[in-house]
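Okay, entry28.pdb now, which holds PDB, C-alpha atoms:
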```
ATOM      1  CA  MET A   1    -184.232-101.884 -10.257  1.00  0.00           C
ATOM      2  CA  LYS A   2    -181.762-100.569  -7.661  1.00  0.00           C
ATOM      3  CA  LYS A   3    -179.065-100.145 -10.296  1.00  0.00           C
ATOM      4  CA  PHE A   4    -181.463 -98.220 -12.521  1.00  0.00           C
ATOM      5  CA  ILE A   5    -182.433 -95.838  -9.712  1.00  0.00           C
ATOM      6  CA  LEU A   6    -178.774 -95.388  -8.740  1.00  0.00           C
ATOM      7  CA  THR A   7    -177.862 -94.616 -12.349  1.00  0.00           C
ATOM      8  CA  ILE A   8    -180.612 -92.002 -12.664  1.00  0.00           C
ATOM      9  CA  PHE A   9    -179.577 -90.474  -9.328  1.00  0.00           C
ATOM     10  CA  CYS A  10    -175.934 -90.220 -10.458  1.00  0.00           C
ATOM     11  CA  ILE A  11    -176.923 -88.569 -13.727  1.00  0.00           C
ATOM     12  CA  LEU A  12    -179.049 -85.994 -11.920  1.00  0.00           C
ATOM     13  CA  LEU A  13    -176.322 -85.379  -9.349  1.00  0.00           C
ATOM     14  CA  SER A  14    -173.679 -84.865 -12.022  1.00  0.00           C
ATOM     15  CA  ASN A  15    -175.729 -82.064 -13.580  1.00  0.00           C
ATOM     16  CA  ILE A  16    -175.979 -80.001 -10.387  1.00  0.00           C
ATOM     17  CA  CYS A  17    -172.580 -80.487  -8.779  1.00  0.00           C
ATOM     18  CA  PHE A  18    -170.176 -78.375 -10.756  1.00  0.00           C
ATOM     19  CA  ALA A  19    -169.893 -74.691 -11.512  1.00  0.00           C
ATOM     20  CA  GLN A  20    -172.508 -73.638 -14.016  1.00  0.00           C
ATOM     21  CA  THR A  21    -171.550 -70.962 -16.508  1.00  0.00           C
ATOM     22  CA  SER A  22    -173.816 -68.702 -18.475  1.00  0.00           C
ATOM     23  CA  ASN A  23    -171.918 -66.382 -20.821  1.00  0.00           C
ATOM     24  CA  GLY A  24    -168.848 -66.755 -18.586  1.00  0.00           C
ATOM     25  CA  TYR A  25    -170.666 -66.028 -15.304  1.00  0.00           C
ATOM     26  CA  ILE A  26    -169.972 -68.734 -12.689  1.00  0.00           C
ATOM     27  CA  SER A  27    -172.692 -69.442 -10.158  1.00  0.00           C
ATOM     28  CA  ASN A  28    -170.483 -71.036  -7.484  1.00  0.00           C
ATOM     29  CA  ARG A  29    -168.922 -68.598  -5.041  1.00  0.00           C
ATOM     30  CA  ARG A  30    -166.411 -70.768  -3.154  1.00  0.00           C
ATOM     31  CA  GLY A  31    -162.877 -71.781  -4.067  1.00  0.00           C
ATOM     32  CA  LEU A  32    -159.854 -73.677  -2.797  1.00  0.00           C
ATOM     33  CA  ILE A  33    -156.353 -72.366  -3.517  1.00  0.00           C
ATOM     34  CA  MET A  34    -153.742 -75.011  -4.248  1.00  0.00           C
ATOM     35  CA  GLN A  35    -150.790 -72.773  -5.165  1.00  0.00           C
ATOM     36  CA  ALA A  36    -150.566 -69.034  -4.674  1.00  0.00           C
ATOM     37  CA  LEU A  37    -148.701 -67.152  -7.411  1.00  0.00           C
ATOM     38  CA  ASP A  38    -147.518 -63.533  -7.725  1.00  0.00           C
ATOM     39  CA  ASN A  39    -150.638 -62.153  -9.430  1.00  0.00           C
ATOM     40  CA  GLY A  40    -153.208 -64.868  -8.743  1.00  0.00           C
ATOM     41  CA  ALA A  41    -153.488 -68.521  -7.809  1.00  0.00           C
ATOM     42  CA  LEU A  42    -154.138 -72.006  -9.132  1.00  0.00           C
ATOM     43  CA  GLY A  43    -157.020 -73.765  -7.452  1.00  0.00           C
ATOM     44  CA  TYR A  44    -160.462 -75.286  -7.640  1.00  0.00           C
ATOM     45  CA  ILE A  45    -163.963 -73.856  -7.869  1.00  0.00           C
ATOM     46  CA  CYS A  46    -165.733 -75.857  -5.184  1.00  0.00           C
ATOM     47  CA  PRO A  47    -168.923 -77.722  -6.114  1.00  0.00           C
ATOM     48  CA  LYS A  48    -172.053 -76.498  -4.350  1.00  0.00           C
ATOM     49  CA  TRP A  49    -172.217 -79.668  -2.235  1.00  0.00           C
ATOM     50  CA  ALA A  50    -168.563 -79.492  -1.063  1.00  0.00           C
ATOM     51  CA  LEU A  51    -168.122 -79.741   2.697  1.00  0.00           C
ATOM     52  CA  ASP A  52    -164.332 -79.931   3.015  1.00  0.00           C
ATOM     53  CA  ASP A  53    -161.121 -79.523   1.003  1.00  0.00           C
ATOM     54  CA  SER A  54    -161.200 -83.028  -0.458  1.00  0.00           C
ATOM     55  CA  ASP A  55    -164.691 -82.330  -1.855  1.00  0.00           C
ATOM     56  CA  CYS A  56    -163.435 -79.101  -3.458  1.00  0.00           C
ATOM     57  CA  ARG A  57    -160.885 -81.099  -5.428  1.00  0.00           C
ATOM     58  CA  SER A  58    -163.832 -82.570  -7.341  1.00  0.00           C
ATOM     59  CA  GLY A  59    -164.524 -79.132  -8.824  1.00  0.00           C
ATOM     60  CA  GLN A  60    -163.009 -77.336 -11.811  1.00  0.00           C
ATOM     61  CA  PHE A  61    -159.266 -76.629 -11.699  1.00  0.00           C
ATOM     62  CA  VAL A  62    -158.751 -72.983 -12.711  1.00  0.00           C
ATOM     63  CA  TYR A  63    -156.440 -69.979 -12.479  1.00  0.00           C
ATOM     64  CA  PHE A  64    -157.826 -67.156 -10.331  1.00  0.00           C
ATOM     65  CA  ASN A  65    -156.584 -63.992 -12.077  1.00  0.00           C
ATOM     66  CA  PHE A  66    -156.949 -61.620  -9.166  1.00  0.00           C
ATOM     67  CA  ASN A  67    -154.762 -60.978  -6.156  1.00  0.00           C
ATOM     68  CA  ASN A  68    -156.641 -61.565  -2.934  1.00  0.00           C
ATOM     69  CA  ASP A  69    -153.564 -62.189  -0.729  1.00  0.00           C
ATOM     70  CA  PHE A  70    -153.950 -65.904  -1.338  1.00  0.00           C
ATOM     71  CA  VAL A  71    -151.952 -68.554   0.497  1.00  0.00           C
ATOM     72  CA  ASP A  72    -151.614 -72.262  -0.296  1.00  0.00           C
ATOM     73  CA  ASN A  73    -154.492 -74.535   0.828  1.00  0.00           C
ATOM     74  CA  GLN A  74    -156.801 -71.579   1.561  1.00  0.00           C
ATOM     75  CA  ARG A  75    -160.571 -71.807   1.132  1.00  0.00           C
ATOM     76  CA  PHE A  76    -162.399 -68.600   0.272  1.00  0.00           C
ATOM     77  CA  THR A  77    -165.873 -67.358  -0.523  1.00  0.00           C
ATOM     78  CA  VAL A  78    -166.617 -64.460  -2.854  1.00  0.00           C
ATOM     79  CA  SER A  79    -168.700 -61.749  -1.172  1.00  0.00           C
ATOM     80  CA  LYS A  80    -172.208 -60.919  -2.390  1.00  0.00           C
ATOM     81  CA  ASN A  81    -171.026 -57.742  -4.139  1.00  0.00           C
ATOM     82  CA  TYR A  82    -168.764 -59.706  -6.516  1.00  0.00           C
ATOM     83  CA  TYR A  83    -168.987 -62.655  -8.889  1.00  0.00           C
ATOM     84  CA  LEU A  84    -166.581 -64.966 -10.694  1.00  0.00           C
ATOM     85  CA  TYR A  85    -166.343 -64.703 -14.464  1.00  0.00           C
ATOM     86  CA  ALA A  86    -164.503 -67.025 -16.889  1.00  0.00           C
ATOM     87  CA  ASN A  87    -162.371 -64.863 -19.147  1.00  0.00           C
ATOM     88  CA  GLY A  88    -159.864 -66.745 -21.283  1.00  0.00           C
ATOM     89  CA  VAL A  89    -157.241 -69.380 -20.570  1.00  0.00           C
ATOM     90  CA  TYR A  90    -154.018 -69.576 -18.570  1.00  0.00           C
ATOM     91  CA  LYS A  91    -151.029 -71.718 -19.542  1.00  0.00           C
ATOM     92  CA  TYR A  92    -148.496 -73.020 -17.047  1.00  0.00           C
ATOM     93  CA  ILE A  93    -145.770 -75.638 -16.869  1.00  0.00           C
ATOM     94  CA  ASN A  94    -146.281 -78.391 -14.299  1.00  0.00           C
ATOM     95  CA  ARG A  95    -143.608 -80.330 -12.368  1.00  0.00           C
ATOM     96  CA  GLU A  96    -143.165 -82.808 -15.231  1.00  0.00           C
ATOM     97  CA  ASN A  97    -142.368 -79.912 -17.647  1.00  0.00           C
ATOM     98  CA  GLN A  98    -145.673 -80.347 -19.467  1.00  0.00           C
ATOM     99  CA  THR A  99    -147.608 -77.300 -20.618  1.00  0.00           C
ATOM    100  CA  LYS A 100    -151.131 -77.286 -19.177  1.00  0.00           C
ATOM    101  CA  THR A 101    -154.044 -74.978 -19.967  1.00  0.00           C
ATOM    102  CA  VAL A 102    -156.827 -74.058 -17.518  1.00  0.00           C
ATOM    103  CA  ARG A 103    -159.650 -71.515 -17.438  1.00  0.00           C
ATOM    104  CA  LYS A 104    -158.765 -68.017 -16.267  1.00  0.00           C
ATOM    105  CA  ILE A 105    -161.254 -66.654 -13.718  1.00  0.00           C
ATOM    106  CA  GLU A 106    -161.702 -62.939 -13.063  1.00  0.00           C
ATOM    107  CA  LEU A 107    -163.436 -61.213 -10.159  1.00  0.00           C
ATOM    108  CA  TYR A 108    -166.024 -58.583 -11.131  1.00  0.00           C
ATOM    109  CA  SER A 109    -168.172 -56.237  -9.121  1.00  0.00           C
ATOM    110  CA  LYS A 110    -171.969 -56.447  -9.535  1.00  0.00           C
ATOM    111  CA  TYR A 111    -172.305 -52.675  -9.582  1.00  0.00           C
TER     112      TYR A 111
END
```

As structure tokens:
Amino acid sequence: MKKFILTIFCILLSNICFAQTSNGYISNRRGLIMQALDNGALGYICPKWALDDSDCRSGQFVYFNFNNDFVDNQRFTVSKNYYLYANGVYKYINRENQTKTVRKIELYSKY
């Protein structure tokens, strides 16, 4: 019985933890920058339950396509006047010379 309850709990938890998108709009407002680039940064969209940087690494790995004077290992929160929006893909080459593709995230104003 305990395993059954734990399984149901894990299934419910997995549905609410990660960034939800509706037509590209992303409901989570926090992020963790792993590597700052010239015109953006590679990083994670933090799950809603994330308390520290290691929890943020459980979120979606994305490319933030806006320049917010990012630095490596920086956590940030989007202000209430803006929202994150998934808009395409970004390709990069990792340290092992493999081409990787991640979601490209834009910052839009609500007004």

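The shortest atom-to-atom distance to A:Val102, with only C-alpha atoms taken into account, belongs to A:Val62 out of A:Ala86, A:Val62, A:Val78, A:Leu42.
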
Item checked: Counting all atoms listed in the file, the residue of A:Gly31, A:Pro47, A:Gly24, A:Gly59 that sits nearest A:Asn87 ->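 Closest to A:Asn87 of all the choices is A:Gly24.
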
Next item on the list: Do a neighbour search on A:Met34 at 9 Å with all atoms listed in the file, toss out local chain neighbours closer than 2 positions, and write the hits as a ChimeraX atom specification.
Entry: /A:32,36,41-44,71-74

Check: Please, what distance in Å, to one decimal, runs between atom CA of A:Tyr92 and atom CA of A:Ser79?
Finding: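 Going from atom CA of A:Tyr92 over to atom CA of A:Ser79, I get 28.1 Å.
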
Next item on the list: Pick out the closest residue to A:Asn67 from this set: A:Ile26, A:Val89, A:Ile33, A:Met1. Count all atoms listed in the file.
Entry: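 Closest candidate: A:Ile33.
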
Item checked: atom CA of A:Ile105 to atom CA of A:Tyr63, straight-line distance in Å ->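 Taking atom CA of A:Tyr63 and atom CA of A:Ile105, their separation equals 6.0 Å.
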
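From atom CA of A:Asn39 back to atom CA of A:Tyr25, the distance works out to 21.2 Å.
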
Chain and number of each residue from the PyMOL selection byres ((chain A and resi 28) around 8), as a short mmCIF file (atom, residue, chain, number, x, y, z; two decimals) with C-alpha atoms, in the frame of the given file:
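Below is the file expr.cif, written as the result:
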```cif
data_model
loop_
_atom_site.label_atom_id
_atom_site.label_comp_id
_atom_site.auth_asym_id
_atom_site.auth_seq_id
_atom_site.Cartn_x
_atom_site.Cartn_y
_atom_site.Cartn_z
CA ALA A 19 -169.89 -74.69 -11.51
CA GLN A 20 -172.51 -73.64 -14.02
CA ILE A 26 -169.97 -68.73 -12.69
CA SER A 27 -172.69 -69.44 -10.16
CA ARG A 29 -168.92 -68.60 -5.04
CA ARG A 30 -166.41 -70.77 -3.15
CA ILE A 45 -163.96 -73.86 -7.87
CA CYS A 46 -165.73 -75.86 -5.18
CA PRO A 47 -168.92 -77.72 -6.11
CA LYS A 48 -172.05 -76.50 -4.35
CA LEU A 84 -166.58 -64.97 -10.69
#
```

Checklist line | Residue nearest A:Phe64 among A:Ile5, A:Tyr111, A:Lys100, A:Gln35 (counting only C-alpha atoms) | finding: A:Gln35

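Using all atoms listed in the file, the nearest neighbour of A:Thr77 within the list A:Asn65, A:Leu107, A:Arg95, A:Tyr90 is A:Leu107.
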
Mind filling out stretch 57-68 of chain A with all heavy atoms and sending it as a PDB file, in the frame of the given file?
```
ATOM      1  N   ARG A  57    -161.743 -80.579  -4.366  1.00  0.00           N
ATOM      2  CA  ARG A  57    -160.885 -81.099  -5.428  1.00  0.00           C
ATOM      3  C   ARG A  57    -161.677 -81.813  -6.513  1.00  0.00           C
ATOM      4  O   ARG A  57    -161.138 -82.176  -7.544  1.00  0.00           O
ATOM      5  CB  ARG A  57    -159.822 -82.011  -4.821  1.00  0.00           C
ATOM      6  CG  ARG A  57    -158.780 -81.226  -4.053  1.00  0.00           C
ATOM      7  CD  ARG A  57    -157.677 -82.117  -3.522  1.00  0.00           C
ATOM      8  NE  ARG A  57    -156.667 -81.343  -2.823  1.00  0.00           N
ATOM      9  CZ  ARG A  57    -156.695 -81.074  -1.525  1.00  0.00           C
ATOM     10  NH1 ARG A  57    -157.671 -81.539  -0.778  1.00  0.00           N
ATOM     11  NH2 ARG A  57    -155.739 -80.357  -0.974  1.00  0.00           N
ATOM     12  N   SER A  58    -162.962 -82.000  -6.304  1.00  0.00           N
ATOM     13  CA  SER A  58    -163.832 -82.570  -7.341  1.00  0.00           C
ATOM     14  C   SER A  58    -164.320 -81.492  -8.302  1.00  0.00           C
ATOM     15  O   SER A  58    -164.927 -81.800  -9.317  1.00  0.00           O
ATOM     16  CB  SER A  58    -165.054 -83.233  -6.699  1.00  0.00           C
ATOM     17  OG  SER A  58    -164.665 -84.266  -5.861  1.00  0.00           O
ATOM     18  N   GLY A  59    -164.058 -80.236  -7.994  1.00  0.00           N
ATOM     19  CA  GLY A  59    -164.524 -79.132  -8.824  1.00  0.00           C
ATOM     20  C   GLY A  59    -163.585 -78.854  -9.986  1.00  0.00           C
ATOM     21  O   GLY A  59    -162.678 -79.623 -10.292  1.00  0.00           O
ATOM     22  N   GLN A  60    -163.796 -77.728 -10.646  1.00  0.00           N
ATOM     23  CA  GLN A  60    -163.009 -77.336 -11.811  1.00  0.00           C
ATOM     24  C   GLN A  60    -161.686 -76.731 -11.371  1.00  0.00           C
ATOM     25  O   GLN A  60    -161.646 -75.860 -10.506  1.00  0.00           O
ATOM     26  CB  GLN A  60    -163.765 -76.313 -12.642  1.00  0.00           C
ATOM     27  CG  GLN A  60    -165.016 -76.836 -13.261  1.00  0.00           C
ATOM     28  CD  GLN A  60    -165.744 -75.738 -14.037  1.00  0.00           C
ATOM     29  OE1 GLN A  60    -165.276 -74.622 -14.159  1.00  0.00           O
ATOM     30  NE2 GLN A  60    -166.893 -76.071 -14.561  1.00  0.00           N
ATOM     31  N   PHE A  61    -160.588 -77.185 -11.971  1.00  0.00           N
ATOM     32  CA  PHE A  61    -159.266 -76.629 -11.699  1.00  0.00           C
ATOM     33  C   PHE A  61    -159.089 -75.403 -12.581  1.00  0.00           C
ATOM     34  O   PHE A  61    -159.231 -75.478 -13.807  1.00  0.00           O
ATOM     35  CB  PHE A  61    -158.185 -77.673 -11.980  1.00  0.00           C
ATOM     36  CG  PHE A  61    -156.820 -77.255 -11.522  1.00  0.00           C
ATOM     37  CD1 PHE A  61    -156.539 -77.151 -10.173  1.00  0.00           C
ATOM     38  CD2 PHE A  61    -155.826 -76.978 -12.434  1.00  0.00           C
ATOM     39  CE1 PHE A  61    -155.289 -76.778  -9.736  1.00  0.00           C
ATOM     40  CE2 PHE A  61    -154.573 -76.602 -12.006  1.00  0.00           C
ATOM     41  CZ  PHE A  61    -154.296 -76.499 -10.659  1.00  0.00           C
ATOM     42  N   VAL A  62    -158.795 -74.250 -11.985  1.00  0.00           N
ATOM     43  CA  VAL A  62    -158.751 -72.983 -12.711  1.00  0.00           C
ATOM     44  C   VAL A  62    -157.592 -72.126 -12.208  1.00  0.00           C
ATOM     45  O   VAL A  62    -156.947 -72.436 -11.209  1.00  0.00           O
ATOM     46  CB  VAL A  62    -160.072 -72.194 -12.558  1.00  0.00           C
ATOM     47  CG1 VAL A  62    -161.247 -72.941 -13.146  1.00  0.00           C
ATOM     48  CG2 VAL A  62    -160.333 -71.846 -11.111  1.00  0.00           C
ATOM     49  N   TYR A  63    -157.375 -71.013 -12.907  1.00  0.00           N
ATOM     50  CA  TYR A  63    -156.440 -69.979 -12.479  1.00  0.00           C
ATOM     51  C   TYR A  63    -157.259 -68.761 -12.069  1.00  0.00           C
ATOM     52  O   TYR A  63    -158.008 -68.207 -12.873  1.00  0.00           O
ATOM     53  CB  TYR A  63    -155.485 -69.608 -13.617  1.00  0.00           C
ATOM     54  CG  TYR A  63    -154.616 -68.416 -13.306  1.00  0.00           C
ATOM     55  CD1 TYR A  63    -153.598 -68.510 -12.372  1.00  0.00           C
ATOM     56  CD2 TYR A  63    -154.827 -67.206 -13.934  1.00  0.00           C
ATOM     57  CE1 TYR A  63    -152.798 -67.426 -12.078  1.00  0.00           C
ATOM     58  CE2 TYR A  63    -154.034 -66.111 -13.659  1.00  0.00           C
ATOM     59  CZ  TYR A  63    -153.019 -66.218 -12.727  1.00  0.00           C
ATOM     60  OH  TYR A  63    -152.238 -65.142 -12.426  1.00  0.00           O
ATOM     61  N   PHE A  64    -157.137 -68.344 -10.814  1.00  0.00           N
ATOM     62  CA  PHE A  64    -157.826 -67.156 -10.331  1.00  0.00           C
ATOM     63  C   PHE A  64    -156.947 -65.957 -10.649  1.00  0.00           C
ATOM     64  O   PHE A  64    -155.875 -65.789 -10.059  1.00  0.00           O
ATOM     65  CB  PHE A  64    -158.094 -67.254  -8.819  1.00  0.00           C
ATOM     66  CG  PHE A  64    -159.039 -68.365  -8.464  1.00  0.00           C
ATOM     67  CD1 PHE A  64    -158.569 -69.547  -7.920  1.00  0.00           C
ATOM     68  CD2 PHE A  64    -160.400 -68.223  -8.680  1.00  0.00           C
ATOM     69  CE1 PHE A  64    -159.441 -70.562  -7.580  1.00  0.00           C
ATOM     70  CE2 PHE A  64    -161.279 -69.246  -8.355  1.00  0.00           C
ATOM     71  CZ  PHE A  64    -160.788 -70.416  -7.810  1.00  0.00           C
ATOM     72  N   ASN A  65    -157.376 -65.116 -11.581  1.00  0.00           N
ATOM     73  CA  ASN A  65    -156.584 -63.992 -12.077  1.00  0.00           C
ATOM     74  C   ASN A  65    -156.892 -62.718 -11.306  1.00  0.00           C
ATOM     75  O   ASN A  65    -157.211 -61.693 -11.878  1.00  0.00           O
ATOM     76  CB  ASN A  65    -156.840 -63.786 -13.576  1.00  0.00           C
ATOM     77  CG  ASN A  65    -155.838 -62.854 -14.193  1.00  0.00           C
ATOM     78  OD1 ASN A  65    -154.710 -62.785 -13.773  1.00  0.00           O
ATOM     79  ND2 ASN A  65    -156.273 -62.128 -15.209  1.00  0.00           N
ATOM     80  N   PHE A  66    -156.816 -62.798 -10.011  1.00  0.00           N
ATOM     81  CA  PHE A  66    -156.949 -61.620  -9.166  1.00  0.00           C
ATOM     82  C   PHE A  66    -156.149 -61.882  -7.904  1.00  0.00           C
ATOM     83  O   PHE A  66    -155.978 -63.014  -7.483  1.00  0.00           O
ATOM     84  CB  PHE A  66    -158.416 -61.285  -8.842  1.00  0.00           C
ATOM     85  CG  PHE A  66    -159.217 -62.432  -8.286  1.00  0.00           C
ATOM     86  CD1 PHE A  66    -159.329 -62.616  -6.921  1.00  0.00           C
ATOM     87  CD2 PHE A  66    -159.875 -63.307  -9.119  1.00  0.00           C
ATOM     88  CE1 PHE A  66    -160.069 -63.657  -6.399  1.00  0.00           C
ATOM     89  CE2 PHE A  66    -160.622 -64.355  -8.621  1.00  0.00           C
ATOM     90  CZ  PHE A  66    -160.719 -64.530  -7.255  1.00  0.00           C
ATOM     91  N   ASN A  67    -155.604 -60.830  -7.341  1.00  0.00           N
ATOM     92  CA  ASN A  67    -154.762 -60.978  -6.156  1.00  0.00           C
ATOM     93  C   ASN A  67    -155.587 -60.677  -4.919  1.00  0.00           C
ATOM     94  O   ASN A  67    -156.019 -59.560  -4.702  1.00  0.00           O
ATOM     95  CB  ASN A  67    -153.554 -60.048  -6.238  1.00  0.00           C
ATOM     96  CG  ASN A  67    -152.530 -60.371  -5.170  1.00  0.00           C
ATOM     97  OD1 ASN A  67    -152.743 -61.240  -4.337  1.00  0.00           O
ATOM     98  ND2 ASN A  67    -151.424 -59.670  -5.206  1.00  0.00           N
ATOM     99  N   ASN A  68    -155.828 -61.697  -4.134  1.00  0.00           N
ATOM    100  CA  ASN A  68    -156.641 -61.565  -2.934  1.00  0.00           C
ATOM    101  C   ASN A  68    -155.826 -61.986  -1.705  1.00  0.00           C
ATOM    102  O   ASN A  68    -156.362 -62.511  -0.755  1.00  0.00           O
ATOM    103  CB  ASN A  68    -157.892 -62.435  -3.077  1.00  0.00           C
ATOM    104  CG  ASN A  68    -158.985 -62.043  -2.132  1.00  0.00           C
ATOM    105  OD1 ASN A  68    -158.990 -60.928  -1.628  1.00  0.00           O
ATOM    106  ND2 ASN A  68    -159.902 -62.941  -1.872  1.00  0.00           N
TER     107      ASN A  68
END
```
